[in-house]
file coords-v7.csv (CSV, C-alpha atoms)
chain,number,residue,atom,x,y,z
Y,1,MET,CA,0.0,0.0,0.0
Y,2,SER,CA,2.7,2.5,1.0
Y,3,GLY,CA,4.6,1.4,-2.1
Y,4,THR,CA,1.7,2.3,-4.3
Y,5,LEU,CA,1.4,5.7,-2.5
Y,6,LEU,CA,5.1,6.4,-3.2
Y,7,THR,CA,4.7,5.3,-6.9
Y,8,LEU,CA,1.7,7.7,-7.1
Y,9,ALA,CA,3.6,10.6,-5.6
Y,10,LEU,CA,6.6,10.1,-7.9
Y,11,LEU,CA,4.5,9.6,-11.0
Y,12,PHE,CA,2.2,12.7,-10.5
Y,13,GLY,CA,5.1,14.8,-9.2
Y,14,GLN,CA,6.9,14.1,-12.5
Y,15,LEU,CA,3.8,14.8,-14.6
Y,16,SER,CA,3.3,18.0,-12.7
Y,17,LEU,CA,6.7,19.3,-13.7
Y,18,LEU,CA,6.4,18.1,-17.3
Y,19,SER,CA,2.9,19.6,-18.0
Y,20,PHE,CA,4.0,22.4,-20.2
Y,21,GLY,CA,1.1,23.9,-22.0
Y,22,GLY,CA,-1.4,22.7,-19.4
Y,23,GLY,CA,-2.8,19.4,-18.0
Y,24,PRO,CA,-4.0,17.6,-21.1
Y,25,THR,CA,-0.4,17.4,-22.5
Y,26,VAL,CA,0.5,14.8,-19.9
Y,27,LEU,CA,-2.6,12.6,-20.5
Y,28,PRO,CA,-0.8,10.2,-22.9
Y,29,GLU,CA,2.1,9.6,-20.4
Y,30,MET,CA,-0.4,9.3,-17.5
Y,31,GLN,CA,-2.3,6.6,-19.5
Y,32,ARG,CA,0.9,4.8,-20.4
Y,33,GLN,CA,2.0,4.7,-16.8
Y,34,VAL,CA,-1.4,3.9,-15.3
Y,35,VAL,CA,-2.4,1.2,-17.9
Y,36,GLU,CA,0.8,-0.2,-19.4
Y,37,VAL,CA,3.4,0.2,-16.6
Y,38,ASN,CA,1.5,-0.1,-13.4
Y,39,HIS,CA,-1.6,-2.1,-14.6
Y,40,TRP,CA,-4.0,-0.2,-12.3
Y,41,MET,CA,-6.8,-0.3,-14.9
Y,42,THR,CA,-7.6,-0.8,-18.6
Y,43,ALA,CA,-7.4,2.0,-21.2
Y,44,THR,CA,-11.2,2.0,-21.3
Y,45,ASP,CA,-11.4,2.5,-17.5
Y,46,PHE,CA,-8.9,5.4,-17.9
Y,47,ALA,CA,-11.1,7.1,-20.5
Y,48,ALA,CA,-14.1,6.7,-18.2
Y,49,LEU,CA,-12.2,8.3,-15.3
Y,50,PHE,CA,-11.1,11.1,-17.7
Y,51,ALA,CA,-14.8,11.7,-18.6
Y,52,LEU,CA,-15.8,11.7,-14.9
Y,53,ALA,CA,-13.2,14.4,-14.2
Y,54,GLN,CA,-14.5,16.5,-17.2
Y,55,ALA,CA,-18.0,16.3,-15.8
Y,56,ALA,CA,-16.9,17.7,-12.4
Y,57,PRO,CA,-16.2,21.4,-11.8
Y,58,GLY,CA,-12.7,22.8,-11.4
Y,59,PRO,CA,-9.4,22.3,-13.1
Y,60,ASN,CA,-9.3,19.3,-15.5
Y,61,MET,CA,-6.3,17.9,-13.8
Y,62,LEU,CA,-8.7,16.1,-11.4
Y,63,VAL,CA,-8.3,12.8,-13.4
Y,64,SER,CA,-5.2,12.4,-11.2
Y,65,THR,CA,-7.5,12.3,-8.1
Y,66,LEU,CA,-9.5,9.5,-9.7
Y,67,VAL,CA,-6.5,7.5,-10.7
Y,68,GLY,CA,-5.1,7.8,-7.2
Y,69,LEU,CA,-8.5,6.7,-5.8
Y,70,ARG,CA,-8.6,3.6,-8.1
Y,71,ALA,CA,-5.0,2.7,-7.3
Y,72,ALA,CA,-4.9,3.2,-3.5
Y,73,GLY,CA,-8.3,4.4,-2.2
Y,74,ILE,CA,-8.8,7.8,-0.5
Y,75,PRO,CA,-5.1,8.1,0.6
Y,76,GLY,CA,-4.2,7.5,-3.0
Y,77,ALA,CA,-6.6,10.2,-4.2
Y,78,ILE,CA,-5.0,12.7,-1.8
Y,79,VAL,CA,-1.4,11.8,-2.7
Y,80,ALA,CA,-2.1,11.9,-6.4
Y,81,THR,CA,-3.8,15.2,-6.2
Y,82,LEU,CA,-1.1,16.8,-4.1
Y,83,GLY,CA,1.5,15.2,-6.4
Y,84,MET,CA,-0.1,16.9,-9.4
Y,85,ILE,CA,-0.5,20.3,-7.8
Y,86,VAL,CA,2.4,20.9,-5.4
Y,87,PRO,CA,5.5,20.7,-7.6
Y,88,SER,CA,4.3,23.0,-10.3
Y,89,SER,CA,2.9,25.4,-7.7
Y,90,LEU,CA,6.2,25.5,-5.8
Y,91,LEU,CA,7.9,26.3,-9.1
Y,92,THR,CA,5.5,29.1,-9.7
Y,93,VAL,CA,5.9,30.5,-6.2
Y,94,ALA,CA,9.7,30.4,-6.5
Y,95,SER,CA,9.6,32.1,-9.9
Y,96,LEU,CA,7.2,35.0,-9.3
Y,97,SER,CA,9.7,37.4,-7.8
Y,98,VAL,CA,12.1,37.0,-10.7
Y,99,TRP,CA,9.4,36.9,-13.4
Y,100,ASP,CA,9.2,40.6,-14.0
Y,101,ARG,CA,12.9,40.7,-14.8
Y,102,PHE,CA,12.8,38.0,-17.6
Y,103,ARG,CA,9.2,38.5,-18.8
Y,104,GLU,CA,10.3,40.7,-21.7
Y,105,ALA,CA,13.6,38.9,-22.3
Y,106,ARG,CA,14.3,37.6,-25.8
Y,107,TRP,CA,15.2,34.1,-24.6
Y,108,ARG,CA,12.0,33.8,-22.7
Y,109,LYS,CA,9.9,34.4,-25.8
Y,110,ILE,CA,12.0,32.0,-27.9
Y,111,VAL,CA,11.7,29.2,-25.3
Y,112,GLN,CA,7.9,29.7,-25.0
Y,113,ALA,CA,7.3,29.8,-28.7
Y,114,GLY,CA,9.7,26.8,-29.1
Y,115,LEU,CA,7.7,24.7,-26.6
Y,116,LEU,CA,4.5,25.2,-28.6
Y,117,PRO,CA,5.0,22.6,-31.4
Y,118,ALA,CA,5.7,19.9,-28.8
Y,119,THR,CA,2.6,21.0,-26.9
Y,120,VAL,CA,0.5,20.7,-30.0
Y,121,GLY,CA,1.8,17.2,-30.7
Y,122,LEU,CA,1.0,16.2,-27.2
Y,123,PHE,CA,-2.5,17.6,-27.4
Y,124,LEU,CA,-3.1,15.7,-30.6
Y,125,ALA,CA,-1.7,12.5,-29.1
Y,126,ALA,CA,-3.9,12.9,-26.0
Y,127,ALA,CA,-7.0,13.4,-28.2
Y,128,LEU,CA,-6.3,10.3,-30.3
Y,129,LEU,CA,-5.5,8.0,-27.3
Y,130,ILE,CA,-8.5,9.1,-25.3
Y,131,ALA,CA,-10.8,8.8,-28.3
Y,132,LEU,CA,-9.5,5.3,-29.2
Y,133,SER,CA,-10.1,4.2,-25.6
Y,134,ALA,CA,-13.6,5.7,-25.3
Y,135,ASP,CA,-15.0,4.8,-28.7
Y,136,ARG,CA,-15.5,1.1,-28.8
Y,137,SER,CA,-18.3,1.3,-31.3
Y,138,VAL,CA,-19.2,3.3,-34.4
Y,139,PRO,CA,-22.1,5.2,-32.7
Y,140,LEU,CA,-19.7,6.1,-29.8
Y,141,ALA,CA,-17.2,7.4,-32.3
Y,142,ALA,CA,-20.0,9.4,-33.9
Y,143,VAL,CA,-20.7,11.1,-30.6
Y,144,THR,CA,-17.0,12.0,-30.2
Y,145,ILE,CA,-17.0,13.5,-33.7
Y,146,ALA,CA,-20.3,15.4,-33.2
Y,147,VAL,CA,-19.1,16.8,-29.9
Y,148,ALA,CA,-15.8,17.9,-31.3
Y,149,GLY,CA,-17.5,19.6,-34.3
Y,150,LEU,CA,-20.0,21.4,-32.1
Y,151,MET,CA,-17.2,22.6,-29.7
Y,152,VAL,CA,-15.1,24.0,-32.6
Y,153,ALA,CA,-18.0,25.5,-34.6
Y,154,THR,CA,-20.3,26.9,-31.8
Y,155,LYS,CA,-20.1,28.4,-28.3
Y,156,ILE,CA,-22.3,25.7,-26.7
Y,157,HIS,CA,-21.5,25.0,-23.1
Y,158,PRO,CA,-19.5,21.7,-22.8
Y,159,LEU,CA,-21.7,20.5,-19.9
Y,160,TRP,CA,-24.7,20.2,-22.3
Y,161,LEU,CA,-22.6,18.0,-24.6
Y,162,LEU,CA,-21.5,15.8,-21.8
Y,163,ALA,CA,-25.1,15.5,-20.6
Y,164,ALA,CA,-26.2,14.6,-24.1
Y,165,GLY,CA,-23.5,12.0,-24.4
Y,166,ALA,CA,-24.5,10.4,-21.1
Y,167,GLY,CA,-28.2,10.6,-22.1
Y,168,LEU,CA,-27.7,8.9,-25.4
Y,169,GLY,CA,-25.8,6.1,-23.5
Y,170,VAL,CA,-28.7,5.7,-21.0
Y,171,LEU,CA,-31.2,5.5,-23.8
Y,172,GLY,CA,-29.2,2.8,-25.5
Y,173,VAL,CA,-28.7,4.8,-28.7
Y,174,VAL,CA,-25.0,4.5,-28.6
T,1,MET,CA,-13.1,49.3,-17.3
T,2,SER,CA,-10.4,46.8,-16.5
T,3,ASP,CA,-8.0,49.4,-15.2
T,4,VAL,CA,-9.9,50.8,-12.2
T,5,PRO,CA,-7.4,51.3,-9.3
T,6,PRO,CA,-7.1,48.1,-7.2
T,7,THR,CA,-8.8,48.0,-3.8
T,8,PRO,CA,-6.7,47.2,-0.7
T,9,PRO,CA,-4.9,43.8,-0.8
T,10,PRO,CA,-7.3,40.9,-0.1
T,11,SER,CA,-7.0,39.0,3.2
T,12,ILE,CA,-6.2,35.3,3.4
T,13,GLY,CA,-10.0,34.6,3.8
T,14,GLN,CA,-10.9,36.7,0.8
T,15,ILE,CA,-8.2,34.9,-1.3
T,16,PHE,CA,-9.7,31.5,-0.3
T,17,ALA,CA,-13.2,32.6,-0.9
T,18,GLY,CA,-12.4,34.1,-4.3
T,19,PHE,CA,-10.8,31.0,-5.7
T,20,PHE,CA,-13.4,28.8,-4.0
T,21,GLY,CA,-16.0,30.5,-6.1
T,22,ILE,CA,-14.0,29.7,-9.3
T,23,GLY,CA,-13.5,26.1,-8.2
T,24,VAL,CA,-17.3,25.6,-7.7
T,25,ILE,CA,-18.6,27.1,-10.8
T,26,GLY,CA,-15.7,26.6,-13.2
T,27,PHE,CA,-16.4,24.1,-16.0
T,28,GLY,CA,-14.0,23.8,-18.9
T,29,GLY,CA,-12.8,27.4,-19.6
T,30,VAL,CA,-12.1,28.6,-16.1
T,31,LEU,CA,-9.6,31.3,-17.2
T,32,PRO,CA,-12.0,34.0,-18.3
T,33,LEU,CA,-14.0,33.6,-15.1
T,34,THR,CA,-10.8,34.0,-13.1
T,35,ARG,CA,-9.9,37.2,-14.9
T,36,ARG,CA,-13.3,38.6,-14.3
T,37,MET,CA,-13.2,37.7,-10.6
T,38,ILE,CA,-9.8,39.2,-10.0
T,39,VAL,CA,-9.8,42.3,-12.3
T,40,GLU,CA,-13.4,43.3,-12.6
T,41,GLN,CA,-15.4,42.0,-9.6
T,42,ARG,CA,-12.9,42.1,-6.7
T,43,ARG,CA,-10.4,44.5,-8.3
T,44,TRP,CA,-7.4,42.9,-6.7
T,45,MET,CA,-5.2,43.7,-9.8
T,46,THR,CA,-5.4,45.8,-12.9
T,47,GLY,CA,-5.8,44.1,-16.3
T,48,ASP,CA,-2.1,44.6,-17.0
T,49,GLU,CA,-1.0,43.1,-13.7
T,50,PHE,CA,-3.2,40.1,-14.2
T,51,THR,CA,-1.8,39.5,-17.8
T,52,GLY,CA,1.7,39.7,-16.4
T,53,VAL,CA,1.2,37.1,-13.7
T,54,LEU,CA,-0.8,34.9,-16.2
T,55,GLY,CA,2.2,35.0,-18.5
T,56,LEU,CA,4.3,33.3,-15.8
T,57,CYS,CA,1.6,30.7,-15.2
T,58,GLN,CA,1.4,29.8,-18.9
T,59,PHE,CA,5.1,29.7,-19.2
T,60,LEU,CA,5.7,27.2,-16.4
T,61,PRO,CA,4.4,23.6,-16.3
T,62,GLY,CA,1.1,23.0,-14.4
T,63,GLY,CA,-2.5,24.0,-14.9
T,64,ASN,CA,-2.8,27.7,-15.7
T,65,VAL,CA,-5.5,28.5,-13.1
T,66,ILE,CA,-3.8,26.3,-10.5
T,67,ASN,CA,-0.6,28.2,-10.9
T,68,LEU,CA,-2.5,31.5,-10.9
T,69,SER,CA,-4.2,30.8,-7.6
T,70,ALA,CA,-0.8,30.2,-6.0
T,71,ALA,CA,0.8,33.2,-7.7
T,72,VAL,CA,-2.0,35.6,-6.8
T,73,GLY,CA,-2.2,34.4,-3.2
T,74,LEU,CA,1.6,34.7,-2.9
T,75,ARG,CA,1.7,38.3,-4.3
T,76,PHE,CA,-0.8,39.5,-1.7
T,77,ARG,CA,-0.2,37.4,1.4
T,78,GLY,CA,3.0,35.4,0.9
T,79,LEU,CA,3.2,31.7,1.3
T,80,PRO,CA,0.0,31.4,3.4
T,81,GLY,CA,-1.8,33.4,0.7
T,82,ALA,CA,-0.6,30.9,-2.0
T,83,ILE,CA,-1.8,28.0,0.1
T,84,ALA,CA,-5.2,29.8,0.6
T,85,GLY,CA,-5.5,30.3,-3.1
T,86,LEU,CA,-4.7,26.7,-4.0
T,87,ALA,CA,-6.9,25.3,-1.2
T,88,GLY,CA,-9.8,27.5,-2.1
T,89,LEU,CA,-9.6,26.5,-5.8
T,90,MET,CA,-9.1,22.8,-5.2
T,91,SER,CA,-11.1,21.8,-2.1
T,92,ALA,CA,-14.7,21.8,-3.6
T,93,PRO,CA,-13.7,20.1,-6.9
T,94,PHE,CA,-11.6,17.6,-5.0
T,95,VAL,CA,-14.5,16.5,-2.8
T,96,ILE,CA,-17.0,16.5,-5.7
T,97,VAL,CA,-14.8,14.4,-8.0
T,98,LEU,CA,-14.0,12.1,-5.1
T,99,LEU,CA,-17.7,11.5,-4.5
T,100,LEU,CA,-18.3,10.9,-8.2
T,101,GLY,CA,-15.4,8.5,-8.2
T,102,LEU,CA,-16.8,6.5,-5.2
T,103,PHE,CA,-20.2,6.5,-6.9
T,104,TYR,CA,-18.7,5.2,-10.1
T,105,ALA,CA,-16.6,2.5,-8.3
T,106,ARG,CA,-19.8,1.3,-6.5
T,107,PHE,CA,-22.2,1.2,-9.4
T,108,GLN,CA,-20.0,0.8,-12.5
T,109,GLU,CA,-21.2,-2.8,-13.0
T,110,GLU,CA,-24.8,-1.7,-13.3
T,111,PRO,CA,-25.8,-1.8,-17.0
T,112,LEU,CA,-27.5,1.6,-16.9
T,113,VAL,CA,-24.4,3.3,-15.3
T,114,ARG,CA,-22.1,1.5,-17.7
T,115,ARG,CA,-24.1,2.8,-20.7
T,116,ALA,CA,-24.2,6.3,-19.3
T,117,PHE,CA,-20.5,6.3,-18.8
T,118,ALA,CA,-19.8,4.9,-22.3
T,119,GLY,CA,-21.7,7.9,-23.8
T,120,LEU,CA,-20.2,10.3,-21.3
T,121,ALA,CA,-16.6,9.1,-22.2
T,122,ALA,CA,-17.3,9.5,-25.9
T,123,ALA,CA,-18.5,13.0,-25.4
T,124,ALA,CA,-15.5,13.9,-23.1
T,125,ALA,CA,-13.2,12.5,-25.8
T,126,GLY,CA,-14.9,15.0,-28.2
T,127,LEU,CA,-14.0,17.9,-25.9
T,128,ILE,CA,-10.3,17.1,-26.0
T,129,VAL,CA,-10.4,16.5,-29.7
T,130,ALA,CA,-11.9,20.0,-30.1
T,131,MET,CA,-9.2,21.4,-27.8
T,132,ALA,CA,-6.5,19.7,-29.9
T,133,ILE,CA,-8.0,21.1,-33.2
T,134,LYS,CA,-8.1,24.6,-31.8
T,135,ILE,CA,-4.5,24.5,-30.5
T,136,ALA,CA,-3.2,22.9,-33.7
T,137,ALA,CA,-4.9,25.3,-36.1
T,138,PRO,CA,-2.4,28.1,-36.0
T,139,LEU,CA,0.4,25.7,-37.1
T,140,ARG,CA,-1.2,25.3,-40.6
T,141,ARG,CA,0.8,28.3,-41.7
T,142,ASP,CA,4.0,27.2,-40.1
T,143,LEU,CA,5.2,24.0,-41.7
T,144,PRO,CA,8.5,23.5,-39.8
T,145,ALA,CA,6.7,23.9,-36.5
T,146,ALA,CA,3.9,21.6,-37.7
T,147,ALA,CA,6.6,19.0,-38.6
T,148,ILE,CA,7.9,19.0,-35.1
T,149,ALA,CA,4.4,18.7,-33.7
T,150,LEU,CA,3.8,15.7,-36.0
T,151,LEU,CA,7.0,14.1,-34.9
T,152,CYS,CA,6.0,14.5,-31.3
T,153,PHE,CA,2.6,13.1,-32.0
T,154,VAL,CA,4.0,10.0,-33.7
T,155,ALA,CA,6.5,9.4,-30.9
T,156,ILE,CA,3.9,9.7,-28.1
T,157,ALA,CA,0.7,8.2,-29.8
T,158,TRP,CA,2.2,5.6,-32.0
T,159,LEU,CA,5.7,4.6,-30.8
T,160,ARG,CA,4.6,5.2,-27.1
T,161,THR,CA,7.9,6.7,-26.1
T,162,PRO,CA,8.0,8.1,-22.5
T,163,LEU,CA,7.2,11.8,-22.1
T,164,LEU,CA,10.5,12.9,-20.5
T,165,PRO,CA,12.9,11.7,-23.2
T,166,THR,CA,10.4,12.9,-25.9
T,167,LEU,CA,10.3,16.4,-24.5
T,168,LEU,CA,14.1,16.4,-24.1
T,169,VAL,CA,14.3,16.0,-27.9
T,170,MET,CA,11.2,18.0,-29.1
T,171,ALA,CA,11.6,21.1,-26.9
T,172,PRO,CA,15.2,21.8,-28.0
T,173,LEU,CA,14.1,21.2,-31.7
T,174,GLY,CA,11.3,23.8,-31.3
T,175,ILE,CA,13.5,26.2,-29.4
T,176,ALA,CA,16.3,25.9,-32.1
T,177,LEU,CA,13.7,26.6,-34.8
T,178,HIS,CA,12.5,29.8,-33.1
T,179,TRP,CA,16.1,30.8,-32.1
T,180,ALA,CA,17.2,30.6,-35.8
T,181,ARG,CA,14.2,32.7,-36.8
T,182,ALA,CA,14.9,35.4,-34.1
T,183,ARG,CA,18.5,35.9,-35.4
call {"tool": "encode", "arguments": {"input": "coords-v7.csv", "output": "structure tokens"}}
result
Amino acid sequence: MSGTLLTLALLFGQLSLLSFGGGPTVLPEMQRQVVEVNHWMTATDFAALFALAQAAPGPNMLVSTLVGLRAAGIPGAIVATLGMIVPSSLLTVASLSVWDRFREARWRKIVQAGLLPATVGLFLAAALLIALSADRSVPLAAVTIAVAGLMVATKIHPLWLLAAGAGLGVLGVV
Amino acid sequence: MSDVPPTPPPSIGQIFAGFFGIGVIGFGGVLPLTRRMIVEQRRWMTGDEFTGVLGLCQFLPGGNVINLSAAVGLRFRGLPGAIAGLAGLMSAPFVIVLLLGLFYARFQEEPLVRRAFAGLAAAAAGLIVAMAIKIAAPLRRDLPAAAIALLCFVAIAWLRTPLLPTLLVMAPLGIALHWARAR
């Protein structure tokens, strides 16, 4: 049990410090570690937990809480959540006082622009892996495509789309 | 409107309460809500100050709003303020998602729950597909950057290389590209 907690702390601590461009960029690595390395759940379970975290309010990093809960109960949920939040927050807190000095620096702008292509690649990988895990049938894939299209083309609130997806599932349509 | 003079610095309790409100109502795009709360409603910072701190939060790893809650709290009340901001933002969502997770673990074998979650997961996948499309769109006009993004995508999604070594190759590639352009 304490071994699992240590694994969770190290895993999410590492993901916290690698999540350039926001939380979703570390989803592929989280899925790899959770499913393939540690065998805590299947890829389909991981997609369901990701969906659960999307349906809850707050920052979308909460999938880490659910992974921790699945791996080691409520202590696991606490450790995984703190692991995801504390390292990057400490880095932010330590950098705030020097930020004003290098905010306008040329190297800062080059580094930030230089990280963007990798961020885009990671977002695309996260989208593909989550979609492949969630869409086990053609109607489910159609839901994913329809939701993506509506999110890109309209200003509809994402909660309505999540509710519609769950509703279609309950009705047995998908 | 966004540059009215800031009011006196918020207390620890006000920092907690402000970010608690964001945590409770924030779905999906929390950032615009956070800006409205800090700049327009509570007037803790001017629009320019907010943009400056946000720049740091976007530059560093971690969720932008999570970093923001720590940075804003720190600026006004030091380390206790940072903890108040983080705790305010995360406490309600943490409890809610934990309850949802316990509910799911208890009832996931029920056919109805399983069908609902299959539909929910497909819709949630659509949300992240849309995010990926939006963030990738600007690279259409930047082929070298798009090539690096594609390389990173293939490494992670197809070859399943671990994130750290992948970033250690892809980040310097992207930085070298922009460094060469800046010269």
call {"tool": "closest_atom_pairs", "arguments": {"input": "coords-v7.csv", "of": "chain Y", "to": "chain T", "cutoff": "6 Å", "atoms": "all atoms listed in the file", "output": "CSV"}}
result
residue,atom,partner,partner_atom,distance
Y:Ser16,CA,T:Gly62,CA,5.7
Y:Leu17,CA,T:Pro61,CA,5.5
Y:Leu18,CA,T:Pro61,CA,5.9
Y:Ser19,CA,T:Pro61,CA,4.6
Y:Phe20,CA,T:Pro61,CA,4.1
Y:Gly22,CA,T:Gly63,CA,4.8
Y:Gly23,CA,T:Gly63,CA,5.6
Y:Glu29,CA,T:Leu163,CA,5.8
Y:Ala48,CA,T:Ala121,CA,5.3
Y:Ala51,CA,T:Ala121,CA,4.8
Y:Ala56,CA,T:Val97,CA,5.9
Y:Pro57,CA,T:Phe27,CA,5.0
Y:Gly58,CA,T:Gly23,CA,4.7
Y:Ser88,CA,T:Gly62,CA,5.2
Y:Ser89,CA,T:Asn67,CA,5.5
Y:Val93,CA,T:Ala71,CA,6.0
Y:Ile110,CA,T:His178,CA,5.7
Y:Val111,CA,T:Ile175,CA,5.4
Y:Gly114,CA,T:Ile175,CA,3.9
Y:Leu115,CA,T:Ala171,CA,5.3
Y:Pro117,CA,T:Ala149,CA,4.6
Y:Ala118,CA,T:Ala149,CA,5.2
Y:Val120,CA,T:Ala136,CA,5.7
Y:Gly121,CA,T:Ala149,CA,4.2
Y:Leu122,CA,T:Phe153,CA,5.9
Y:Phe123,CA,T:Ala132,CA,5.2
Y:Leu124,CA,T:Ala132,CA,5.3
Y:Ala125,CA,T:Ala157,CA,5.0
Y:Ala127,CA,T:Val129,CA,4.8
Y:Ile130,CA,T:Ala125,CA,5.8
Y:Ala131,CA,T:Ala125,CA,5.1
Y:Ala134,CA,T:Ala122,CA,5.3
Y:Asp135,CA,T:Ala122,CA,5.9
Y:Leu140,CA,T:Ala122,CA,5.7
Y:Val143,CA,T:Ala123,CA,6.0
Y:Thr144,CA,T:Gly126,CA,4.2
Y:Val147,CA,T:Gly126,CA,4.9
Y:Ala148,CA,T:Gly126,CA,4.3
Y:Met151,CA,T:Ala130,CA,5.9
Y:Val152,CA,T:Ala130,CA,5.7
Y:Leu162,CA,T:Ala123,CA,5.5
Y:Gly165,CA,T:Gly119,CA,4.5
Y:Ala166,CA,T:Leu120,CA,4.3
Y:Gly169,CA,T:Gly119,CA,4.5
Y:Val170,CA,T:Ala116,CA,4.8
call {"tool": "atom_distance", "arguments": {"input": "coords-v7.csv", "atom1": "CA of Leu10 (chain Y)", "atom2": "CA of Pro87 (chain Y)"}}
result
10.7 Å
call {"tool": "atom_distance", "arguments": {"input": "coords-v7.csv", "atom1": "CA of Ile12 (chain T)", "atom2": "CA of Pro80 (chain T)"}}
result
7.3 Å
call {"tool": "residues_around", "arguments": {"input": "coords-v7.csv", "residues": "region 12-15 of chain Y", "least_positions_apart": "4", "cutoff": "7 Å", "atoms": "all atoms listed in the file", "output": "list in words"}}
result
Leu8, Ser19, Val26, Ala80, Gly83, Met84 and Pro87 of chain Y
call {"tool": "atom_distance", "arguments": {"input": "coords-v7.csv", "atom1": "CA of Arg103 (chain Y)", "atom2": "CA of Arg77 (chain T)"}}
result
22.3 Å
call {"tool": "residues_near_point", "arguments": {"input": "coords-v7.csv", "point": "(-5.1, 14.1, -14.7)", "cutoff": "9 Å", "atoms": "all atoms listed in the file", "output": "ChimeraX atom specification"}}
result
/Y:12,15,23-24,26-27,30,50,53,60-67,81,84
call {"tool": "closest_residue", "arguments": {"input": "coords-v7.csv", "among": "Y:Leu159, Y:Val174, Y:Leu129, Y:Leu52", "to": "Arg32 (chain Y)", "atoms": "all atoms listed in the file"}}
result
Y:Leu129
